[in-house]
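A.B. asks: My questions all concern the structure below.
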Amino acid sequence: MNLLLTLAAFALALGVLIVFHELGHYWVARFCGVKVLRFSVGFGKPLWRRQLGQDGTEWVIAAFPLGGYVKMVDEQEGRVAPQDLPRAFNRQSVLKRFAIVLAGPLANFLLAILLYWGLFIHGVPGLKPIIGPVQPATPAAFAGFKPEEIIVKIDGEVVATWQDVRWILLQRALQKAVVEVEARNARGEIAFRKLDLSGFASIELEGEFMNVIGLSRYQPPVKPVIGQLVPGAVAERGGLQIDDEIVAINGAPVNQWEEVVQQVRSHPAQPLAFEIRRAGRNLYLTLTPEAAQNEKIGKIGAAPKIDRAEIEKLFTEVRYPVAQALAKSLEKTWETSAFSLKMLGKMLVGEISWRNVSGPITIADYAGQSARIGWVAYLGFLALISISLGVLNLLPVPLLDGGHLMYYLAEIIKGKPVSERALHIGQHVGITLLFILMAFALYNDINRLIAG
């Protein structure tokens, strides 16, 4: 069922992103008077086709879904009927051609803005920015942060969720900035902290960089009481039952569920002596955690009993009036686009690993995960991927929209089109670069699958 949901969520995301991108090209081409021959979602053999409109544009769904295209009347791609020559793409002014090509990536940014706008109006759930344990000898410890403080502002900007805190601090860390953080404790007292993020190498910011800073989100203490058991897993087979309280493991007293997790994870395929309290009596069981993730981590298939009321207190919902939501959506789209370009630039100069490049397998996995969480998370994922697609297509790489825009800029500067030889060389360079990028992405995908 999870696999089917993942595939469906991925297919829907691809369809929406491709259609929106190509509609950008299509509508601006029509506006500029260019005749469109085909609108295709996917490449290769057509699985479905219809001819619609006065021009008889062919609408196609093709076999290979990772992309799409809008085919226009163009003398560089084949013979054009005399009556269609004024409507040929290649006969349009350079500014019109520039606008038609630019419209695809802009459509992706527009889609992200619309999605974020709707989400900010509806309300986006998030965790309150409450600080958990502060790691010693880290920038957060030196700044004086205390557990259970609530972060209110960063550099004067109000933050409502832990996700906001993480996003702003990541951007400031890439800028190697010193930030001022306003925090409030349980008594309502305000404290100002100077958090120095200037000493990090970019490579240190990969993964969960908040651990490097020394900040973690607050989690209420969870008692070591069994709340759920996976049918047929180690815990159930070994005799554990719902409402059992774990008192000790291998003789070491247990006070919180996290201690149970640490013991189990660190003893894959090794017997553990559990002391439990059930209905006022102490019992003794031996469980051998199942080895997982290449036999590095143990698991028994049990989850704690959660106080839902306490968990609910940690969540908040962020929503804005219509006008403010639009401003926030524009800001979010701009910041995400700029951040993507910065990260790409750091990859090119070797400051950040190319392991961060994701391919279709990872994107499909994220699509499935967000869909399982709910439609709000899925639309947020869709907005993020739409921005990524827009940024990718604007890169000055031949074969991508950005490569064509680069040629048109050269034409504007020179006053004449780029030579056929330059176009031919650029095409080969573009194919090579895209092949290398796809190879990196697929390698990373496969490596993540193998590593679990």
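We label chains A, B, ... in the order they appear in the structure tokens, count residues from 1 in each chain, and number ligands from 1 in the order shown.
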Quick one: residues within 12 Å of region 184-189 of chain A, only C-alpha atoms counted, chain neighbours fewer than 6 positions away excluded, as a PyMOL selection string?
C.D. replies: chain A and resi 129-131+145-153
A.B. asks: Output C-alpha atoms for every residue in that selection, as a compact mmCIF listing (two decimals), in the first residue's frame.
C.D. replies:
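Output contents, as saved in selection-v5.txt:
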```txt
# COMPACT_ATOMS: atom_id res chain seq x y z
CA PRO A 129 10.27 26.91 18.88
CA ILE A 130 10.98 25.54 22.37
CA ILE A 131 14.61 24.69 23.08
CA PHE A 145 20.73 29.28 25.70
CA LYS A 146 18.75 27.37 28.33
CA PRO A 147 16.46 24.34 27.93
CA GLU A 148 12.74 25.15 27.66
CA GLU A 149 13.35 28.73 26.50
CA ILE A 150 11.11 29.77 23.61
CA ILE A 151 12.78 31.53 20.67
CA VAL A 152 10.72 34.63 19.84
CA LYS A 153 12.79 36.56 17.28
```
A.B. asks: What's around region 242-255 of chain A at 6 Å? Count only C-alpha atoms, leave out sequence neighbours fewer than 6 positions away in its own chain, and write the answer as number ranges by chain.
C.D. replies: A: 224-227, 272-278
A.B. asks: Quick one: contact table of region 332-417 of chain A to region 424-431 of chain A, 9 Å max, nearest atom pair and distance in Å to one decimal per residue, counting only C-alpha atoms, chain and number order, as CSV?
C.D. replies:
```
residue,atom,partner,partner_atom,distance
A:Val397,CA,A:Gly430,CA,5.6
A:Pro398,CA,A:Gly430,CA,4.5
A:Leu399,CA,A:Gly430,CA,5.7
A:Leu400,CA,A:Gly430,CA,7.9
A:Gly403,CA,A:Gly430,CA,8.3
```
A.B. asks: May I have the residues from that selection written out with C-alpha atoms, as a PDB file, in the first residue's frame?
C.D. replies:
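Now in part-v2.pdb:
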```
ATOM      1  CA  VAL A 397      23.251  24.893 -19.496  1.00  0.00           C
ATOM      2  CA  PRO A 398      22.542  24.194 -23.179  1.00  0.00           C
ATOM      3  CA  LEU A 399      19.381  22.096 -23.678  1.00  0.00           C
ATOM      4  CA  LEU A 400      17.808  23.679 -20.584  1.00  0.00           C
ATOM      5  CA  GLY A 403      20.900  27.686 -22.005  1.00  0.00           C
TER       6      GLY A 403
END
```
A.B. asks: Restricting the calculation to only C-alpha atoms, which member of A:Val36, A:Ala107, A:Leu215, A:Leu229 is positioned closest to Val391 (chain A)?
C.D. replies: A:Ala107
A.B. asks: Might you pull out every residue within 12 Å of region 385-387 of chain A, with only C-alpha atoms counted and same-chain residues fewer than 3 positions away left off, and present them as a VMD selection string?
C.D. replies: chain A and resid 10 13 to 21 104 to 116 329 to 330 332 to 341 358 to 360 362 to 364 366 to 367 378 to 382 390 to 394
A.B. asks: Nearest to Leu95 (chain A): which of A:Tyr408, A:Tyr320, A:Trp257, A:Phe435 is it, counting only C-alpha atoms?
C.D. replies: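 Residue with the minimum atom-to-atom distance to Leu95 (chain A): A:Tyr408.
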A.B. asks: Excluding Lys96 (chain A) and its own-chain neighbours fewer than 6 positions away, which residues fall within 10 Å of it when counting only C-alpha atoms? Please give them as a ChimeraX atom specification.
C.D. replies: /A:28-29,31-34,89-90,102
A.B. asks: Which neighbours of Lys342 (chain A) fall inside 10 Å, counting only C-alpha atoms, when residues of the same chain fewer than 6 positions from it are skipped, and could you give them as a list in words?
C.D. replies: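 Listing them by chain and then by number gives Gln171, Leu174, Gln175, Thr336 and Leu348 of chain A.
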A.B. asks: With N, CA, C and O atoms kept, could you save the residues just selected as a tab-separated table (two decimals), in the first residue's frame?
C.D. replies:
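Here's the written file again.tsv:
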```
chain	number	residue	atom	x	y	z
A	171	GLN	N	20.30	29.78	6.82
A	171	GLN	CA	20.69	30.85	5.90
A	171	GLN	C	21.78	31.73	6.52
A	171	GLN	O	22.74	32.10	5.84
A	174	LEU	N	25.19	29.99	6.45
A	174	LEU	CA	25.84	30.06	5.14
A	174	LEU	C	26.45	31.44	4.90
A	174	LEU	O	27.45	31.56	4.19
A	175	GLN	N	25.87	32.47	5.54
A	175	GLN	CA	26.41	33.83	5.43
A	175	GLN	C	27.51	34.08	6.45
A	175	GLN	O	28.11	35.15	6.46
A	336	THR	N	13.78	30.65	-0.95
A	336	THR	CA	14.10	29.26	-1.30
A	336	THR	C	14.88	29.19	-2.60
A	336	THR	O	15.83	28.41	-2.73
A	348	LEU	N	29.57	23.52	-6.59
A	348	LEU	CA	30.48	23.69	-7.72
A	348	LEU	C	31.90	23.98	-7.28
A	348	LEU	O	32.86	23.57	-7.93
```
A.B. asks: Which residues, written as a list in words, have at least one atom at most 6 Å from region 295-300 of chain A, with only C-alpha atoms counted and residues fewer than 2 positions away on the same chain left out?
C.D. replies: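 In the requested form, the answer reads Val234, Ala235, Val264, Arg265, His267, Pro268, Pro289, Glu290, Ala291, Ala292, Gln293 and Ala302 of chain A.
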A.B. asks: Can I get the selected residues back with all heavy atoms, as an mmCIF file, in the first residue's frame?
C.D. replies:
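Result file is selection_33.cif:
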```
data_model
loop_
_atom_site.group_PDB
_atom_site.id
_atom_site.type_symbol
_atom_site.label_atom_id
_atom_site.label_comp_id
_atom_site.auth_asym_id
_atom_site.auth_seq_id
_atom_site.Cartn_x
_atom_site.Cartn_y
_atom_site.Cartn_z
ATOM 1 N N VAL A 234 9.828 -8.610 17.778
ATOM 2 C CA VAL A 234 10.585 -9.160 18.916
ATOM 3 C C VAL A 234 9.875 -8.917 20.241
ATOM 4 O O VAL A 234 9.764 -9.816 21.081
ATOM 5 C CB VAL A 234 11.993 -8.537 18.947
ATOM 6 C CG1 VAL A 234 12.731 -8.932 20.224
ATOM 7 C CG2 VAL A 234 12.791 -8.964 17.719
ATOM 8 N N ALA A 235 9.376 -7.693 20.456
ATOM 9 C CA ALA A 235 8.759 -7.354 21.746
ATOM 10 C C ALA A 235 7.537 -8.218 22.031
ATOM 11 O O ALA A 235 7.379 -8.750 23.140
ATOM 12 C CB ALA A 235 8.387 -5.873 21.760
ATOM 13 N N VAL A 264 18.344 -0.515 23.224
ATOM 14 C CA VAL A 264 17.945 -1.421 22.140
ATOM 15 C C VAL A 264 18.752 -1.155 20.875
ATOM 16 O O VAL A 264 19.257 -2.088 20.235
ATOM 17 C CB VAL A 264 16.427 -1.276 21.851
ATOM 18 C CG1 VAL A 264 16.050 -2.030 20.576
ATOM 19 C CG2 VAL A 264 15.620 -1.802 23.031
ATOM 20 N N ARG A 265 18.888 0.109 20.497
ATOM 21 C CA ARG A 265 19.614 0.449 19.272
ATOM 22 C C ARG A 265 21.085 0.033 19.332
ATOM 23 O O ARG A 265 21.679 -0.332 18.312
ATOM 24 C CB ARG A 265 19.516 1.957 18.995
ATOM 25 C CG ARG A 265 18.144 2.401 18.512
ATOM 26 C CD ARG A 265 18.045 3.909 18.475
ATOM 27 N NE ARG A 265 18.925 4.502 17.473
ATOM 28 C CZ ARG A 265 18.591 4.723 16.215
ATOM 29 N NH1 ARG A 265 17.384 4.390 15.786
ATOM 30 N NH2 ARG A 265 19.439 5.273 15.373
ATOM 31 N N HIS A 267 22.382 -2.515 20.864
ATOM 32 C CA HIS A 267 22.612 -3.956 21.085
ATOM 33 C C HIS A 267 21.913 -4.800 20.017
ATOM 34 O O HIS A 267 21.083 -5.663 20.347
ATOM 35 C CB HIS A 267 22.129 -4.373 22.480
ATOM 36 C CG HIS A 267 22.941 -3.814 23.598
ATOM 37 N ND1 HIS A 267 22.732 -2.552 24.121
ATOM 38 C CD2 HIS A 267 23.987 -4.350 24.298
ATOM 39 C CE1 HIS A 267 23.589 -2.336 25.098
ATOM 40 N NE2 HIS A 267 24.366 -3.403 25.225
ATOM 41 N N PRO A 268 22.228 -4.588 18.730
ATOM 42 C CA PRO A 268 21.608 -5.436 17.703
ATOM 43 C C PRO A 268 22.060 -6.889 17.842
ATOM 44 O O PRO A 268 23.254 -7.161 18.036
ATOM 45 C CB PRO A 268 22.106 -4.815 16.390
ATOM 46 C CG PRO A 268 23.392 -4.125 16.748
ATOM 47 C CD PRO A 268 23.216 -3.643 18.159
ATOM 48 N N PRO A 289 17.211 -7.837 20.411
ATOM 49 C CA PRO A 289 16.814 -6.895 19.348
ATOM 50 C C PRO A 289 17.193 -7.391 17.963
ATOM 51 O O PRO A 289 18.276 -7.957 17.761
ATOM 52 C CB PRO A 289 17.580 -5.617 19.698
ATOM 53 C CG PRO A 289 17.816 -5.723 21.178
ATOM 54 C CD PRO A 289 18.034 -7.181 21.444
ATOM 55 N N GLU A 290 16.292 -7.199 17.044
ATOM 56 C CA GLU A 290 16.535 -7.554 15.637
ATOM 57 C C GLU A 290 17.515 -6.545 15.031
ATOM 58 O O GLU A 290 17.403 -5.339 15.252
ATOM 59 C CB GLU A 290 15.218 -7.528 14.881
ATOM 60 C CG GLU A 290 15.336 -7.829 13.392
ATOM 61 C CD GLU A 290 14.002 -7.651 12.683
ATOM 62 O OE1 GLU A 290 12.989 -7.408 13.368
ATOM 63 O OE2 GLU A 290 13.987 -7.744 11.444
ATOM 64 N N ALA A 291 18.508 -7.033 14.291
ATOM 65 C CA ALA A 291 19.491 -6.151 13.656
ATOM 66 C C ALA A 291 18.888 -5.524 12.406
ATOM 67 O O ALA A 291 18.269 -6.198 11.590
ATOM 68 C CB ALA A 291 20.752 -6.932 13.287
ATOM 69 N N ALA A 292 19.045 -4.214 12.276
ATOM 70 C CA ALA A 292 18.511 -3.473 11.126
ATOM 71 C C ALA A 292 19.574 -2.520 10.605
ATOM 72 O O ALA A 292 20.582 -2.272 11.265
ATOM 73 C CB ALA A 292 17.253 -2.695 11.531
ATOM 74 N N GLN A 293 19.305 -1.966 9.400
ATOM 75 C CA GLN A 293 20.222 -1.013 8.752
ATOM 76 C C GLN A 293 21.651 -1.570 8.728
ATOM 77 O O GLN A 293 22.568 -1.067 9.362
ATOM 78 C CB GLN A 293 20.188 0.345 9.448
ATOM 79 C CG GLN A 293 18.844 1.051 9.320
ATOM 80 C CD GLN A 293 18.894 2.488 9.766
ATOM 81 O OE1 GLN A 293 19.949 3.076 9.865
ATOM 82 N NE2 GLN A 293 17.730 3.055 10.007
ATOM 83 N N ALA A 302 8.464 -1.881 19.392
ATOM 84 C CA ALA A 302 7.616 -1.361 20.466
ATOM 85 C C ALA A 302 7.664 0.157 20.462
ATOM 86 O O ALA A 302 8.675 0.758 20.084
ATOM 87 C CB ALA A 302 8.068 -1.899 21.823
#
```
A.B. asks: Between A:Ile213, A:Val349, A:Val94, A:Val322, which has the minimum distance to Ala137 (chain A) (counting only C-alpha atoms)?
C.D. replies: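 Among A:Ile213, A:Val349, A:Val94, A:Val322, it is A:Ile213 that comes nearest to Ala137 (chain A).
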A.B. asks: Extract the full set of alpha helix (DSSP H) residues from region 161-372 of chain A according to DSSP on the backbone, and format it as a VMD selection string.
C.D. replies: chain A and resid 162 to 174 209 to 213 234 to 237 257 to 265 308 to 312 322 to 348 360 to 372
